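Just upload.tsv here, TSV, C-alpha atoms:
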chain	number	residue	atom	x	y	z
A	1	MET	CA	73.76	-146.96	9.58
A	2	GLY	CA	70.38	-146.88	11.31
A	3	GLN	CA	71.01	-143.37	12.60
A	4	ALA	CA	72.29	-142.27	9.18
A	5	LEU	CA	69.15	-143.63	7.50
A	6	LEU	CA	66.87	-141.79	9.94
A	7	SER	CA	68.79	-138.56	9.47
A	8	CYS	CA	68.81	-138.74	5.67
A	9	ALA	CA	65.16	-139.82	5.42
A	10	ALA	CA	64.13	-136.85	7.57
A	11	ARG	CA	65.60	-134.53	4.94
A	12	GLN	CA	63.66	-136.15	2.09
A	13	PRO	CA	59.90	-135.41	2.29
A	14	GLU	CA	58.97	-138.31	0.00
A	15	PHE	CA	59.92	-140.74	2.78
A	16	GLU	CA	58.01	-141.47	5.98
A	17	VAL	CA	59.67	-143.69	8.58
A	18	VAL	CA	56.94	-145.74	10.30
A	19	GLY	CA	59.29	-147.76	12.47
A	20	ALA	CA	62.94	-147.71	13.55
A	21	LEU	CA	63.92	-151.05	15.03
A	22	ASP	CA	66.97	-152.34	16.84
A	23	GLN	CA	67.94	-155.67	18.36
A	24	GLY	CA	65.03	-157.20	20.27
A	25	ASP	CA	62.32	-155.03	18.66
A	26	ASP	CA	59.32	-156.62	16.92
A	27	LEU	CA	59.25	-155.89	13.19
A	28	SER	CA	55.94	-157.74	12.74
A	29	ALA	CA	54.20	-155.06	14.86
A	30	VAL	CA	55.03	-152.23	12.45
A	31	ILE	CA	55.56	-153.84	9.04
A	32	PRO	CA	51.88	-153.54	7.95
A	33	ARG	CA	52.18	-149.74	8.15
A	34	GLY	CA	54.98	-149.39	5.60
A	35	ASP	CA	55.71	-150.14	1.95
A	36	GLY	CA	58.95	-151.95	2.66
A	37	VAL	CA	61.98	-152.47	4.85
A	38	ILE	CA	65.57	-151.22	4.65
A	39	GLU	CA	67.69	-153.73	6.56
A	40	PHE	CA	71.19	-153.07	7.90
A	41	SER	CA	71.74	-155.51	10.74
A	42	PHE	CA	73.57	-158.84	11.08
A	43	HIS	CA	73.86	-161.70	8.61
A	44	THR	CA	71.86	-164.16	10.75
A	45	VAL	CA	68.92	-161.73	10.93
A	46	THR	CA	68.29	-160.95	7.25
A	47	GLY	CA	66.60	-164.24	6.36
A	48	GLY	CA	63.88	-163.79	8.97
A	49	VAL	CA	63.30	-160.19	7.89
A	50	ALA	CA	63.02	-161.31	4.27
A	51	GLU	CA	60.48	-163.98	5.13
A	52	LEU	CA	58.39	-161.48	7.08
A	53	CYS	CA	58.48	-159.05	4.12
A	54	ALA	CA	57.36	-161.84	1.77
A	55	ARG	CA	54.51	-162.76	4.11
A	56	HIS	CA	53.26	-159.16	4.08
A	57	GLY	CA	54.07	-158.36	0.44
A	58	LYS	CA	56.64	-155.64	1.24
A	59	PHE	CA	59.79	-154.77	-0.70
A	60	LEU	CA	63.18	-155.29	0.95
A	61	VAL	CA	66.46	-153.39	0.64
A	62	VAL	CA	69.33	-155.39	2.14
A	63	GLY	CA	72.50	-153.59	3.20
A	64	THR	CA	73.82	-156.30	5.52
A	65	THR	CA	76.93	-158.20	4.42
A	66	GLY	CA	78.74	-161.33	5.60
A	67	HIS	CA	75.99	-163.84	4.71
A	68	THR	CA	76.89	-167.48	4.31
A	69	ALA	CA	75.99	-169.19	1.04
A	70	GLU	CA	73.00	-170.83	2.75
A	71	GLU	CA	71.77	-167.53	4.21
A	72	ARG	CA	72.09	-165.81	0.85
A	73	ALA	CA	70.17	-168.59	-0.91
A	74	ARG	CA	67.37	-168.33	1.68
A	75	ILE	CA	66.99	-164.61	0.92
A	76	GLU	CA	67.28	-164.95	-2.85
A	77	ARG	CA	64.53	-167.61	-2.99
A	78	LEU	CA	62.06	-165.03	-1.70
A	79	ALA	CA	62.74	-162.77	-4.68
A	80	SER	CA	60.13	-164.78	-6.57
A	81	GLN	CA	57.52	-163.26	-4.23
A	82	ILE	CA	58.74	-159.70	-3.57
A	83	PRO	CA	61.21	-157.22	-5.09
A	84	ILE	CA	64.53	-157.29	-3.25
A	85	VAL	CA	67.55	-155.04	-3.71
A	86	MET	CA	70.61	-156.75	-2.27
A	87	ALA	CA	73.91	-154.92	-2.55
A	88	SER	CA	77.23	-154.96	-0.76
A	89	ASN	CA	77.45	-151.18	-1.03
A	90	TYR	CA	74.84	-148.48	-1.77
A	91	SER	CA	77.26	-145.67	-2.54
A	92	THR	CA	76.90	-144.24	-6.05
A	93	GLY	CA	80.67	-143.79	-6.11
A	94	VAL	CA	81.38	-147.40	-5.16
A	95	ASN	CA	78.98	-148.68	-7.78
A	96	THR	CA	80.82	-146.54	-10.30
A	97	LEU	CA	84.00	-148.22	-9.01
A	98	PHE	CA	82.40	-151.62	-9.70
A	99	TRP	CA	81.71	-150.55	-13.29
A	100	LEU	CA	85.20	-149.12	-13.77
A	101	THR	CA	86.80	-152.24	-12.28
A	102	ARG	CA	85.03	-154.45	-14.79
A	103	LYS	CA	86.03	-152.23	-17.70
A	104	ALA	CA	89.64	-151.95	-16.56
A	105	ALA	CA	89.92	-155.73	-16.14
A	106	GLU	CA	88.56	-156.24	-19.66
A	107	ILE	CA	90.90	-153.66	-21.19
A	108	LEU	CA	94.10	-154.51	-19.31
A	109	GLY	CA	93.76	-158.26	-19.76
A	110	PRO	CA	95.37	-161.25	-18.03
A	111	SER	CA	98.93	-159.90	-17.94
A	112	PHE	CA	98.09	-157.68	-14.95
A	113	ASP	CA	98.18	-159.05	-11.40
A	114	LEU	CA	95.07	-158.25	-9.38
A	115	GLU	CA	94.96	-157.12	-5.75
A	116	VAL	CA	92.13	-155.66	-3.65
A	117	VAL	CA	92.85	-153.70	-0.46
A	118	GLU	CA	90.15	-152.45	1.91
A	119	MET	CA	90.15	-150.67	5.28
A	120	HIS	CA	87.30	-150.19	7.74
A	121	HIS	CA	86.73	-149.11	11.33
A	122	ARG	CA	87.86	-151.34	14.15
A	123	LEU	CA	84.30	-152.48	15.00
A	124	LYS	CA	83.51	-154.07	11.63
A	125	GLN	CA	82.59	-157.72	12.08
A	126	ASP	CA	83.24	-159.35	8.68
A	127	ALA	CA	86.35	-159.53	6.51
A	128	PRO	CA	86.91	-158.97	3.73
A	129	SER	CA	84.16	-156.38	3.41
A	130	GLY	CA	81.19	-157.17	1.22
A	131	THR	CA	82.32	-154.44	-1.16
A	132	ALA	CA	85.82	-155.93	-1.43
A	133	ARG	CA	84.33	-159.35	-2.12
A	134	THR	CA	82.13	-157.86	-4.85
A	135	LEU	CA	85.20	-156.27	-6.43
A	136	GLY	CA	86.98	-159.63	-6.29
A	137	GLU	CA	83.97	-161.38	-7.83
A	138	ILE	CA	83.89	-158.83	-10.67
A	139	LEU	CA	87.58	-159.44	-11.40
A	140	ALA	CA	87.12	-163.20	-11.29
A	141	ALA	CA	84.07	-163.05	-13.57
A	142	VAL	CA	85.98	-161.09	-16.23
A	143	ARG	CA	88.62	-163.83	-16.23
A	144	LYS	CA	85.95	-166.57	-16.14
A	145	GLN	CA	87.15	-167.81	-12.75
A	146	GLN	CA	85.37	-168.81	-9.55
A	147	PHE	CA	86.24	-166.19	-6.96
A	148	ASP	CA	86.57	-168.57	-4.00
A	149	ALA	CA	88.97	-170.74	-5.99
A	150	VAL	CA	91.41	-167.91	-6.82
A	151	ALA	CA	91.08	-165.52	-3.85
A	152	ARG	CA	94.25	-165.22	-1.75
A	153	HIS	CA	93.44	-163.70	1.64
A	154	GLY	CA	96.64	-162.05	2.80
A	155	ARG	CA	100.10	-163.58	2.68
A	156	SER	CA	102.43	-164.82	5.40
A	157	GLY	CA	105.66	-166.75	5.54
A	158	ILE	CA	107.50	-168.24	2.58
A	159	THR	CA	104.71	-168.06	0.03
A	160	GLY	CA	106.77	-168.55	-3.12
A	161	GLU	CA	106.17	-166.62	-6.30
A	162	ARG	CA	102.78	-165.08	-6.90
A	163	ASN	CA	100.37	-167.21	-8.89
A	164	SER	CA	99.27	-165.16	-11.90
A	165	ALA	CA	95.70	-166.48	-11.56
A	166	GLU	CA	95.18	-165.43	-7.95
A	167	ILE	CA	93.32	-162.34	-6.74
A	168	GLY	CA	94.90	-160.92	-3.60
A	169	MET	CA	92.46	-159.80	-0.89
A	170	HIS	CA	93.68	-157.69	2.03
A	171	ALA	CA	91.56	-156.39	4.94
A	172	LEU	CA	92.80	-153.61	7.24
A	173	ARG	CA	90.98	-152.58	10.43
A	174	GLY	CA	91.48	-149.56	12.65
A	175	GLY	CA	90.05	-146.39	14.08
A	176	ASP	CA	86.86	-144.93	12.66
A	177	VAL	CA	87.48	-145.46	8.94
A	178	VAL	CA	84.10	-145.50	7.18
A	179	GLY	CA	85.35	-147.47	4.18
A	180	ASP	CA	88.30	-147.36	1.77
A	181	HIS	CA	88.65	-149.69	-1.24
A	182	THR	CA	91.45	-149.92	-3.79
A	183	VAL	CA	91.75	-152.24	-6.79
A	184	ILE	CA	95.32	-152.64	-8.02
A	185	PHE	CA	96.24	-153.80	-11.53
A	186	ALA	CA	100.02	-154.41	-11.55
A	187	ALA	CA	102.14	-155.42	-14.54
A	188	GLN	CA	105.76	-155.17	-15.58
A	189	GLY	CA	106.57	-151.47	-15.86
A	190	GLU	CA	103.19	-150.01	-14.92
A	191	ARG	CA	100.40	-150.08	-12.36
A	192	VAL	CA	96.80	-148.88	-12.40
A	193	GLU	CA	94.93	-148.20	-9.15
A	194	LEU	CA	91.23	-147.45	-8.72
A	195	THR	CA	90.28	-146.10	-5.29
A	196	HIS	CA	87.11	-145.05	-3.50
A	197	LYS	CA	87.10	-143.51	-0.02
A	198	ALA	CA	83.96	-142.87	1.98
A	199	SER	CA	84.03	-140.19	4.67
A	200	SER	CA	80.36	-140.30	5.73
A	201	ARG	CA	77.78	-143.05	6.18
A	202	ASP	CA	75.24	-140.67	4.65
A	203	THR	CA	76.65	-141.79	1.29
A	204	PHE	CA	75.38	-145.32	1.91
A	205	ALA	CA	72.14	-144.19	3.57
A	206	ASN	CA	71.14	-141.94	0.66
A	207	GLY	CA	71.92	-144.76	-1.76
A	208	ALA	CA	69.76	-147.19	0.19
A	209	LEU	CA	66.90	-144.68	0.21
A	210	ARG	CA	67.32	-144.23	-3.55
A	211	ALA	CA	67.11	-148.02	-3.93
A	212	ALA	CA	63.95	-148.11	-1.80
A	213	ALA	CA	62.26	-145.43	-3.92
A	214	TRP	CA	63.20	-147.35	-7.08
A	215	VAL	CA	62.34	-150.91	-6.01
A	216	ARG	CA	58.92	-149.95	-4.67
A	217	SER	CA	57.53	-149.97	-8.23
A	218	GLN	CA	59.41	-153.05	-9.47
A	219	LYS	CA	58.11	-156.56	-10.02
A	220	PRO	CA	59.27	-159.38	-7.74
A	221	GLY	CA	62.90	-160.21	-8.43
A	222	LEU	CA	66.44	-159.90	-7.14
A	223	TYR	CA	68.06	-156.57	-8.02
A	224	ARG	CA	71.45	-154.95	-7.43
A	225	MET	CA	72.41	-151.32	-6.98
A	226	GLN	CA	73.70	-151.49	-10.54
A	227	ASP	CA	70.06	-151.99	-11.62
A	228	VAL	CA	68.94	-149.00	-9.54
A	229	LEU	CA	71.58	-146.78	-11.14
A	230	GLY	CA	71.05	-148.09	-14.67
A	231	LEU	CA	74.67	-149.27	-14.94
A	232	LYS	CA	73.90	-152.74	-16.30
Would you mind writing the structure in this file as structure tokens?
Amino acid sequence: MGQALLSCAARQPEFEVVGALDQGDDLSAVIPRGDGVIEFSFHTVTGGVAELCARHGKFLVVGTTGHTAEERARIERLASQIPIVMASNYSTGVNTLFWLTRKAAEILGPSFDLEVVEMHHRLKQDAPSGTARTLGEILAAVRKQQFDAVARHGRSGITGERNSAEIGMHALRGGDVVGDHTVIFAAQGERVELTHKASSRDTFANGALRAAAWVRSQKPGLYRMQDVLGLK
């Protein structure tokens, strides 16, 4: 993602990259020179980056996923000081999928069983993906459920009949798949499937840059890509 961001930013004259950092580099040495930070790294790193941005009054765009509840709370507390965009996926298409998933769940109602299937490259560290979890959270919210209470992560053995309240979550890993997500609504006699497939990381990089351009002029607060795109 770092390389994709550099490549996409170079093609957009409104952006100037003042620092490109990797593991072991010192963000504090370059952060005064920029307006904000786009962060795609590892879940244990984001909190420190957020605190440094708050200390310097810089916006933050977070693309990292896999945060624990405590790590997420640490980041979200800083939104009272700086504007933060935090999203599980910066693709315009995926955020359209989020919107469609909510609408489909509202229209189809509780008689449809819900399953989410995602596939990513073999090097991905967290499962399910942040995008898949967001899709599951959207489905749970429509049904006024707590996602963690109804999520069913894969199935094995004699599981018995499917619980109508559960949301199936399935993570596939292999090869160089950038990111595939499918939401399945299955009922007696019919099935609806919503699918998004990404073939280039530029999709996410351009979305993150779009979020950075948008959040730069916003007041302190916690924002989602849905806010950036005007889908709320």
How close does each residue of stretch 31-114 of chain A get to stretch 140-154 of chain A, giving the shortest atom pair and distance in Å to one decimal for every residue with an atom at most 12 Å away, counting all atoms listed in the file, sorted by chain and residue number, as JSON lines?
{"residue": "A:Ala69", "atom": "CA", "partner": "A:Asp148", "partner_atom": "CA", "distance": 11.7}
{"residue": "A:Trp99", "atom": "CA", "partner": "A:Val142", "partner_atom": "CA", "distance": 11.7}
{"residue": "A:Thr101", "atom": "CA", "partner": "A:Val142", "partner_atom": "CA", "distance": 9.7}
{"residue": "A:Arg102", "atom": "CA", "partner": "A:Val142", "partner_atom": "CA", "distance": 6.9}
{"residue": "A:Lys103", "atom": "CA", "partner": "A:Val142", "partner_atom": "CA", "distance": 9.0}
{"residue": "A:Ala104", "atom": "CA", "partner": "A:Val142", "partner_atom": "CA", "distance": 9.9}
{"residue": "A:Ala105", "atom": "CA", "partner": "A:Val142", "partner_atom": "CA", "distance": 6.7}
{"residue": "A:Glu106", "atom": "CA", "partner": "A:Val142", "partner_atom": "CA", "distance": 6.5}
{"residue": "A:Ile107", "atom": "CA", "partner": "A:Val142", "partner_atom": "CA", "distance": 10.2}
{"residue": "A:Leu108", "atom": "CA", "partner": "A:Val142", "partner_atom": "CA", "distance": 10.9}
{"residue": "A:Gly109", "atom": "CA", "partner": "A:Arg143", "partner_atom": "CA", "distance": 8.4}
{"residue": "A:Pro110", "atom": "CA", "partner": "A:Arg143", "partner_atom": "CA", "distance": 7.4}
{"residue": "A:Ser111", "atom": "CA", "partner": "A:Arg143", "partner_atom": "CA", "distance": 11.2}
{"residue": "A:Phe112", "atom": "CA", "partner": "A:Arg143", "partner_atom": "CA", "distance": 11.4}
{"residue": "A:Asp113", "atom": "CA", "partner": "A:Arg143", "partner_atom": "CA", "distance": 11.7}
{"residue": "A:Leu114", "atom": "CA", "partner": "A:Ala140", "partner_atom": "CA", "distance": 9.6}
Quiz item: Please, what distance in Å, to one decimal, runs between atom CA of A:Ala87 and atom CA of A:Val192?
Solution: 25.6 Å
Self-check item: Contacts of A:Ala198 within 10 Å, only C-alpha atoms, excl. fewer than 4 positions in-chain, as a list in words
Solution: Ser91, Gly93, Val94, His120, Val177, Val178, Gly179, Asp180, His181, Asp202, Thr203 and Phe204 of chain A
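Between A:Gly36 and the candidates A:Ile184, A:Thr65, A:Asp22, A:Leu60, the tightest atom-to-atom separation, counting all atoms listed in the file, involves A:Leu60.
Picture a line from atom CA of A:Ile167 to atom CA of A:His196; it runs 18.7 Å.
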Quiz prompt | A:His56 surroundings by only C-alpha atoms, 8 Å radius, close-in-sequence under 2 positions cut, as a PyMOL selection string | solution = chain A and resi 31-32+52-54+58
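Our summary of the geometry notes that atom CA of A:Tyr90 is positioned 11.6 Å from atom CA of A:Ile38.
Closest approach to A:Lys124 among A:Lys219, A:His43, A:Arg173, A:His67 is made by A:Arg173 (distances from all atoms listed in the file).
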Quiz prompt | Selected residue, from A:Ile138, A:Ala79, A:Leu194, A:Ala29, that lies nearest to A:Thr182 when counting only C-alpha atoms | solution = A:Leu194
Quiz prompt | Shell around A:Glu115 at 9 Å using all atoms listed in the file, local window under 5 positions removed, as a list of chain:residue names | solution = A:Gly136, A:Glu166, A:Ile167, A:Gly168, A:Met169, A:His170, A:Thr182, A:Val183, A:Ile184, A:Phe185, A:Ala186
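The protein and nucleic acid residues lying at most 12 Å from A:Arg216 are Phe15, Gly34, Asp35, Gly36, Val37, Ile38, Gly57, Lys58, Phe59, Leu60, Val61, Ile82, Pro83, Ile84, Val85, Leu209, Arg210, Ala211, Ala212, Ala213, Trp214, Gln218, Lys219, Pro220, Gly221, Tyr223 and Val228 of chain A, with all atoms listed in the file considered and sequence neighbours fewer than 2 positions away removed.
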May I have the selected residues written with C-alpha atoms, as a tab-separated table (two decimals), keeping the file's coordinate frame?
chain	number	residue	atom	x	y	z
A	15	PHE	CA	59.92	-140.74	2.78
A	34	GLY	CA	54.98	-149.39	5.60
A	35	ASP	CA	55.71	-150.14	1.95
A	36	GLY	CA	58.95	-151.95	2.66
A	37	VAL	CA	61.98	-152.47	4.85
A	38	ILE	CA	65.57	-151.22	4.65
A	57	GLY	CA	54.07	-158.36	0.44
A	58	LYS	CA	56.64	-155.64	1.24
A	59	PHE	CA	59.79	-154.77	-0.70
A	60	LEU	CA	63.18	-155.29	0.95
A	61	VAL	CA	66.46	-153.39	0.64
A	82	ILE	CA	58.74	-159.70	-3.57
A	83	PRO	CA	61.21	-157.22	-5.09
A	84	ILE	CA	64.53	-157.29	-3.25
A	85	VAL	CA	67.55	-155.04	-3.71
A	209	LEU	CA	66.90	-144.68	0.21
A	210	ARG	CA	67.32	-144.23	-3.55
A	211	ALA	CA	67.11	-148.02	-3.93
A	212	ALA	CA	63.95	-148.11	-1.80
A	213	ALA	CA	62.26	-145.43	-3.92
A	214	TRP	CA	63.20	-147.35	-7.08
A	218	GLN	CA	59.41	-153.05	-9.47
A	219	LYS	CA	58.11	-156.56	-10.02
A	220	PRO	CA	59.27	-159.38	-7.74
A	221	GLY	CA	62.90	-160.21	-8.43
A	223	TYR	CA	68.06	-156.57	-8.02
A	228	VAL	CA	68.94	-149.00	-9.54
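For the set A:Arg77, A:Gly230, A:Leu139, A:Val17, the residue with the smallest atom-to-atom gap to A:Asn95 is A:Gly230, counting only C-alpha atoms.
Each of A:Ala132, A:Met119, A:Leu222, A:Leu5 was checked against A:Gly174 using all atoms listed in the file; the smallest atom-to-atom distance is that of A:Met119.
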Taking the structure in the block just given, could you write stretch 7-110 of chain A with C-alpha atoms, as a PDB file, in the first residue's frame?
ATOM      1  CA  SER A   7       2.664   6.096  -7.153  1.00  0.00           C
ATOM      2  CA  CYS A   8      -0.860   7.531  -7.071  1.00  0.00           C
ATOM      3  CA  ALA A   9       0.176  10.713  -5.247  1.00  0.00           C
ATOM      4  CA  ALA A  10       2.851  11.355  -7.871  1.00  0.00           C
ATOM      5  CA  ARG A  11       0.122  11.492 -10.519  1.00  0.00           C
ATOM      6  CA  GLN A  12      -1.939  14.054  -8.588  1.00  0.00           C
ATOM      7  CA  PRO A  13      -0.258  17.507  -8.504  1.00  0.00           C
ATOM      8  CA  GLU A  14      -2.325  18.693  -5.530  1.00  0.00           C
ATOM      9  CA  PHE A  15      -0.371  16.299  -3.289  1.00  0.00           C
ATOM     10  CA  GLU A  16       3.212  16.633  -2.096  1.00  0.00           C
ATOM     11  CA  VAL A  17       4.746  13.705  -0.212  1.00  0.00           C
ATOM     12  CA  VAL A  18       7.136  15.106   2.405  1.00  0.00           C
ATOM     13  CA  GLY A  19       8.036  11.759   3.934  1.00  0.00           C
ATOM     14  CA  ALA A  20       7.655   8.063   3.138  1.00  0.00           C
ATOM     15  CA  LEU A  21       8.300   5.971   6.219  1.00  0.00           C
ATOM     16  CA  ASP A  22       8.679   2.280   6.875  1.00  0.00           C
ATOM     17  CA  GLN A  23       9.357   0.187   9.964  1.00  0.00           C
ATOM     18  CA  GLY A  24      12.047   1.776  12.115  1.00  0.00           C
ATOM     19  CA  ASP A  25      11.818   5.252  10.538  1.00  0.00           C
ATOM     20  CA  ASP A  26      11.184   8.344  12.689  1.00  0.00           C
ATOM     21  CA  LEU A  27       7.856   9.998  11.897  1.00  0.00           C
ATOM     22  CA  SER A  28       8.498  12.814  14.400  1.00  0.00           C
ATOM     23  CA  ALA A  29      11.383  14.049  12.206  1.00  0.00           C
ATOM     24  CA  VAL A  30       9.152  14.775   9.206  1.00  0.00           C
ATOM     25  CA  ILE A  31       5.645  15.330  10.588  1.00  0.00           C
ATOM     26  CA  PRO A  32       6.068  19.130  11.051  1.00  0.00           C
ATOM     27  CA  ARG A  33       6.539  19.484   7.280  1.00  0.00           C
ATOM     28  CA  GLY A  34       3.170  18.033   6.273  1.00  0.00           C
ATOM     29  CA  ASP A  35      -0.541  18.663   6.761  1.00  0.00           C
ATOM     30  CA  GLY A  36      -1.301  15.127   7.864  1.00  0.00           C
ATOM     31  CA  VAL A  37      -0.485  11.438   7.779  1.00  0.00           C
ATOM     32  CA  ILE A  38      -1.888   8.519   5.780  1.00  0.00           C
ATOM     33  CA  GLU A  39      -1.203   5.392   7.825  1.00  0.00           C
ATOM     34  CA  PHE A  40      -1.219   1.833   6.471  1.00  0.00           C
ATOM     35  CA  SER A  41       0.925  -0.230   8.807  1.00  0.00           C
ATOM     36  CA  PHE A  42       0.197  -2.630  11.676  1.00  0.00           C
ATOM     37  CA  HIS A  43      -2.484  -2.459  14.349  1.00  0.00           C
ATOM     38  CA  THR A  44      -0.025  -1.957  17.226  1.00  0.00           C
ATOM     39  CA  VAL A  45       1.511   1.075  15.488  1.00  0.00           C
ATOM     40  CA  THR A  46      -1.557   3.225  14.771  1.00  0.00           C
ATOM     41  CA  GLY A  47      -2.079   4.483  18.322  1.00  0.00           C
ATOM     42  CA  GLY A  48       1.396   6.001  18.527  1.00  0.00           C
ATOM     43  CA  VAL A  49       0.999   7.612  15.111  1.00  0.00           C
ATOM     44  CA  ALA A  50      -2.347   9.076  16.169  1.00  0.00           C
ATOM     45  CA  GLU A  51      -0.875  10.533  19.347  1.00  0.00           C
ATOM     46  CA  LEU A  52       1.972  12.119  17.390  1.00  0.00           C
ATOM     47  CA  CYS A  53      -0.525  13.649  14.931  1.00  0.00           C
ATOM     48  CA  ALA A  54      -2.563  15.051  17.839  1.00  0.00           C
ATOM     49  CA  ARG A  55       0.573  16.532  19.398  1.00  0.00           C
ATOM     50  CA  HIS A  56       1.390  18.347  16.150  1.00  0.00           C
ATOM     51  CA  GLY A  57      -2.182  19.192  15.105  1.00  0.00           C
ATOM     52  CA  LYS A  58      -2.122  17.069  11.926  1.00  0.00           C
ATOM     53  CA  PHE A  59      -5.009  15.153  10.355  1.00  0.00           C
ATOM     54  CA  LEU A  60      -4.826  11.357  10.177  1.00  0.00           C
ATOM     55  CA  VAL A  61      -6.150   8.878   7.616  1.00  0.00           C
ATOM     56  CA  VAL A  62      -6.061   5.324   8.995  1.00  0.00           C
ATOM     57  CA  GLY A  63      -6.092   2.393   6.588  1.00  0.00           C
ATOM     58  CA  THR A  64      -4.742  -0.210   9.005  1.00  0.00           C
ATOM     59  CA  THR A  65      -7.133  -2.933  10.177  1.00  0.00           C
ATOM     60  CA  GLY A  66      -7.060  -5.614  12.875  1.00  0.00           C
ATOM     61  CA  HIS A  67      -7.101  -3.255  15.893  1.00  0.00           C
ATOM     62  CA  THR A  68      -8.194  -4.593  19.246  1.00  0.00           C
ATOM     63  CA  ALA A  69     -11.045  -2.815  21.027  1.00  0.00           C
ATOM     64  CA  GLU A  70      -8.518  -1.103  23.302  1.00  0.00           C
ATOM     65  CA  GLU A  71      -6.358   0.055  20.385  1.00  0.00           C
ATOM     66  CA  ARG A  72      -9.386   1.397  18.552  1.00  0.00           C
ATOM     67  CA  ALA A  73     -10.572   3.295  21.637  1.00  0.00           C
ATOM     68  CA  ARG A  74      -7.112   4.860  22.034  1.00  0.00           C
ATOM     69  CA  ILE A  75      -7.268   6.194  18.469  1.00  0.00           C
ATOM     70  CA  GLU A  76     -10.883   7.336  18.647  1.00  0.00           C
ATOM     71  CA  ARG A  77     -10.260   9.377  21.828  1.00  0.00           C
ATOM     72  CA  LEU A  78      -7.865  11.580  19.868  1.00  0.00           C
ATOM     73  CA  ALA A  79     -10.628  12.562  17.437  1.00  0.00           C
ATOM     74  CA  SER A  80     -11.594  15.277  19.913  1.00  0.00           C
ATOM     75  CA  GLN A  81      -8.289  16.989  19.040  1.00  0.00           C
ATOM     76  CA  ILE A  82      -7.770  16.303  15.320  1.00  0.00           C
ATOM     77  CA  PRO A  83      -9.843  15.139  12.338  1.00  0.00           C
ATOM     78  CA  ILE A  84      -9.406  11.411  11.741  1.00  0.00           C
ATOM     79  CA  VAL A  85     -10.737   9.292   8.894  1.00  0.00           C
ATOM     80  CA  MET A  86     -10.746   5.648   9.944  1.00  0.00           C
ATOM     81  CA  ALA A  87     -12.053   3.128   7.441  1.00  0.00           C
ATOM     82  CA  SER A  88     -11.665  -0.578   6.818  1.00  0.00           C
ATOM     83  CA  ASN A  89     -11.599   0.044   3.071  1.00  0.00           C
ATOM     84  CA  TYR A  90     -11.012   3.188   0.979  1.00  0.00           C
ATOM     85  CA  SER A  91     -12.340   1.833  -2.305  1.00  0.00           C
ATOM     86  CA  THR A  92     -15.276   3.793  -3.714  1.00  0.00           C
ATOM     87  CA  GLY A  93     -16.715   0.505  -4.960  1.00  0.00           C
ATOM     88  CA  VAL A  94     -16.481  -1.175  -1.560  1.00  0.00           C
ATOM     89  CA  ASN A  95     -18.127   1.769   0.139  1.00  0.00           C
ATOM     90  CA  THR A  96     -20.908   1.491  -2.404  1.00  0.00           C
ATOM     91  CA  LEU A  97     -21.100  -2.192  -1.406  1.00  0.00           C
ATOM     92  CA  PHE A  98     -21.491  -1.106   2.232  1.00  0.00           C
ATOM     93  CA  TRP A  99     -24.419   1.113   1.247  1.00  0.00           C
ATOM     94  CA  LEU A 100     -26.032  -1.578  -0.900  1.00  0.00           C
ATOM     95  CA  THR A 101     -25.594  -4.179   1.845  1.00  0.00           C
ATOM     96  CA  ARG A 102     -27.466  -2.016   4.319  1.00  0.00           C
ATOM     97  CA  LYS A 103     -30.288  -1.362   1.866  1.00  0.00           C
ATOM     98  CA  ALA A 104     -30.573  -5.015   0.851  1.00  0.00           C
ATOM     99  CA  ALA A 105     -30.689  -6.131   4.490  1.00  0.00           C
ATOM    100  CA  GLU A 106     -33.461  -3.628   5.190  1.00  0.00           C
ATOM    101  CA  ILE A 107     -35.489  -4.656   2.135  1.00  0.00           C
ATOM    102  CA  LEU A 108     -35.052  -8.437   2.330  1.00  0.00           C
ATOM    103  CA  GLY A 109     -35.732  -8.654   6.057  1.00  0.00           C
ATOM    104  CA  PRO A 110     -35.067 -11.338   8.678  1.00  0.00           C
TER     105      PRO A 110
END
